[in-house]
Amino acid sequence: MASVIQVKEKKLMDVQLGELPSWILMWDFTPKSIAGAFQRGYYRYYNKYVNVKKGGIAGMSMVLAAYVLFNYCRCYKELKHEQLRKYH
Amino acid sequence: MLSRVVFSAAAAAAPCLKNAALLGPGILQATRIFHTGRPSLAPVPPLPEHGGKVRLGLIPEEFFQFLYPKTGVTGPYVLGTGLILYFLSKEIYVITAETFSAISTIGLLIYVVKKYGASIGEFADKLNEQKIAQLEEVKQASIKQIQDAIDMEKSQQALVHKRHYLFDVQRNNIAMALELTYRERLHRVYKEVKNRLDYHISVQNMMSLKSKSRQ
């Protein structure tokens with residue numbers, strides 16, 4: 001496995017399928033680095049879609065759509081009782 | 001003393017070396033690099049004009065480009081349709097009373113965005129431009145102030161170079177005054193001496209006249 005040596009610094013698209021578990025395990029799960037990852041993700045999204053001269057509806061609508069999806073997943077368990085048919 | 005002769009000979013033989021020795025420390029100080037440990041972020045790069053492209057207001061363009069080599073242009077739309085039908089048929093998305101309120105709300109939002117989106121964008125752009133113009137004004141005023149200060153400084157420096165005229169005039173005045181007093185005193189000495197000599201001459205004349213008249 002000669003590619004294990006540089007696995008940590010590869011991005012998701014370059015990792016081979018077989019090395020995925022080891023690649024995930026190579027991340028450091030300290031609270032500081034998790035907070036850093038959240039901050040980096042936030043700034044990536046913010047600088048790409050919101051912090052521009054002529055932003056559109058996209059910057060906000062994607063956040064709202066993600067929020068809607070997240071809440072739907074949270075309520076799915078209660079919604080299952082309102083299904084129209086029992087067998088699909 | 002011999003070393004001084006050697007130095008002068010060396011300086012005469014290689015004048016560029018002498019200049020280099022004089023300028024050496026100055027050049028070293030000018031090119032010293034200050035290591036701050038991290039590259040400075042100024043000047044800040046300008047904001048991009050438009051954000052990342054998004055289709056249907058929800059899905060970034062990168063997803064469409066990602067699927068384009070394998071499925072062509074209609075790939076993501078077919079995928080979206082298939083997913084929607086799958087969710088509906090397997091009732092992963094349940095149709096309840098809220099579905100209809102959601103449909104009307106989203107329809108209204110899309111209508112408002114399509115109709116008034118451009119004008120709201122222009123309004124926001126105008127506000128932004130006003131803010132930027134204000135800041136630009138402040139910046140220009142500050143630059144102008146500093147430029148005026150520089151010009152005044154330069155003019156005062158130029159005046160300082162001309163002050164030798166003042167000293168020349170003063171020197172000439174003093175020289176003239178000295179010359180004047182010298183000539184005045186010379187004339188006075190001449191007058192006094194002439195006075196004394198005239199006195200003696202007139203005394204002699206009188207004595208000779210008296211002696212002549214007595215005979």
# chains A, B, ... in the order shown; residues from 1 in each chain; ligands from 1
$ select_by_dssp --residues "chain A" --states "helix (DSSP H, G or I)" --output "ChimeraX atom specification"
/A:2-4,12-14,17-25,31-50,58-82
$ residues_around --residues "Ile106 of chain B" --least-positions-apart "6" --cutoff "12 Å" --atoms "only C-alpha atoms" --output "count of residues only"
8
$ interface_residues --of "chain A" --to "chain B" --cutoff "6 Å" --atoms "only C-alpha atoms" --output "list in words"
Lys48, Tyr49, Val52, Lys53, Lys54, Gly55, Ala58, Met62, Gln83 and His88 of chain A
$ write_last_selection --atoms "N, CA and C atoms" --output "compact mmCIF listing (two decimals), in the first residue's frame"
# COMPACT_ATOMS: atom_id res chain seq x y z
N LYS A 48 -18.00 32.26 -1.07
CA LYS A 48 -18.34 31.92 -2.45
C LYS A 48 -19.69 32.47 -2.83
N TYR A 49 -20.67 32.46 -1.89
CA TYR A 49 -22.03 32.78 -2.31
C TYR A 49 -22.59 34.05 -1.71
N VAL A 52 -20.18 38.73 -2.02
CA VAL A 52 -19.84 39.18 -3.36
C VAL A 52 -20.58 40.48 -3.61
N LYS A 53 -20.18 41.16 -4.70
CA LYS A 53 -20.79 42.46 -4.97
C LYS A 53 -22.25 42.29 -5.39
N LYS A 54 -22.54 41.33 -6.25
CA LYS A 54 -23.92 41.17 -6.72
C LYS A 54 -24.38 39.78 -6.38
N GLY A 55 -24.67 39.54 -5.10
CA GLY A 55 -25.17 38.22 -4.72
C GLY A 55 -26.59 38.06 -5.20
N ALA A 58 -29.33 32.81 -4.25
CA ALA A 58 -28.74 31.49 -4.04
C ALA A 58 -28.11 31.38 -2.67
N MET A 62 -30.05 28.37 -0.40
CA MET A 62 -29.45 27.06 -0.14
C MET A 62 -29.43 26.76 1.34
N GLN A 83 -48.77 8.26 6.71
CA GLN A 83 -48.65 7.78 5.35
C GLN A 83 -49.99 7.33 4.83
N HIS A 88 -45.71 -0.19 0.45
CA HIS A 88 -45.26 0.52 -0.74
C HIS A 88 -44.55 -0.44 -1.68
$ atom_distance --atom1 "atom CA of Ala102 of chain B" --atom2 "atom CA of Val68 of chain A"
10.8 Å
$ atom_distance --atom1 "atom CA of Lys114 of chain B" --atom2 "atom CA of Gly80 of chain B"
22.2 Å
$ atom_distance --atom1 "atom CA of Gly75 of chain B" --atom2 "atom CA of Phe63 of chain B"
10.4 Å
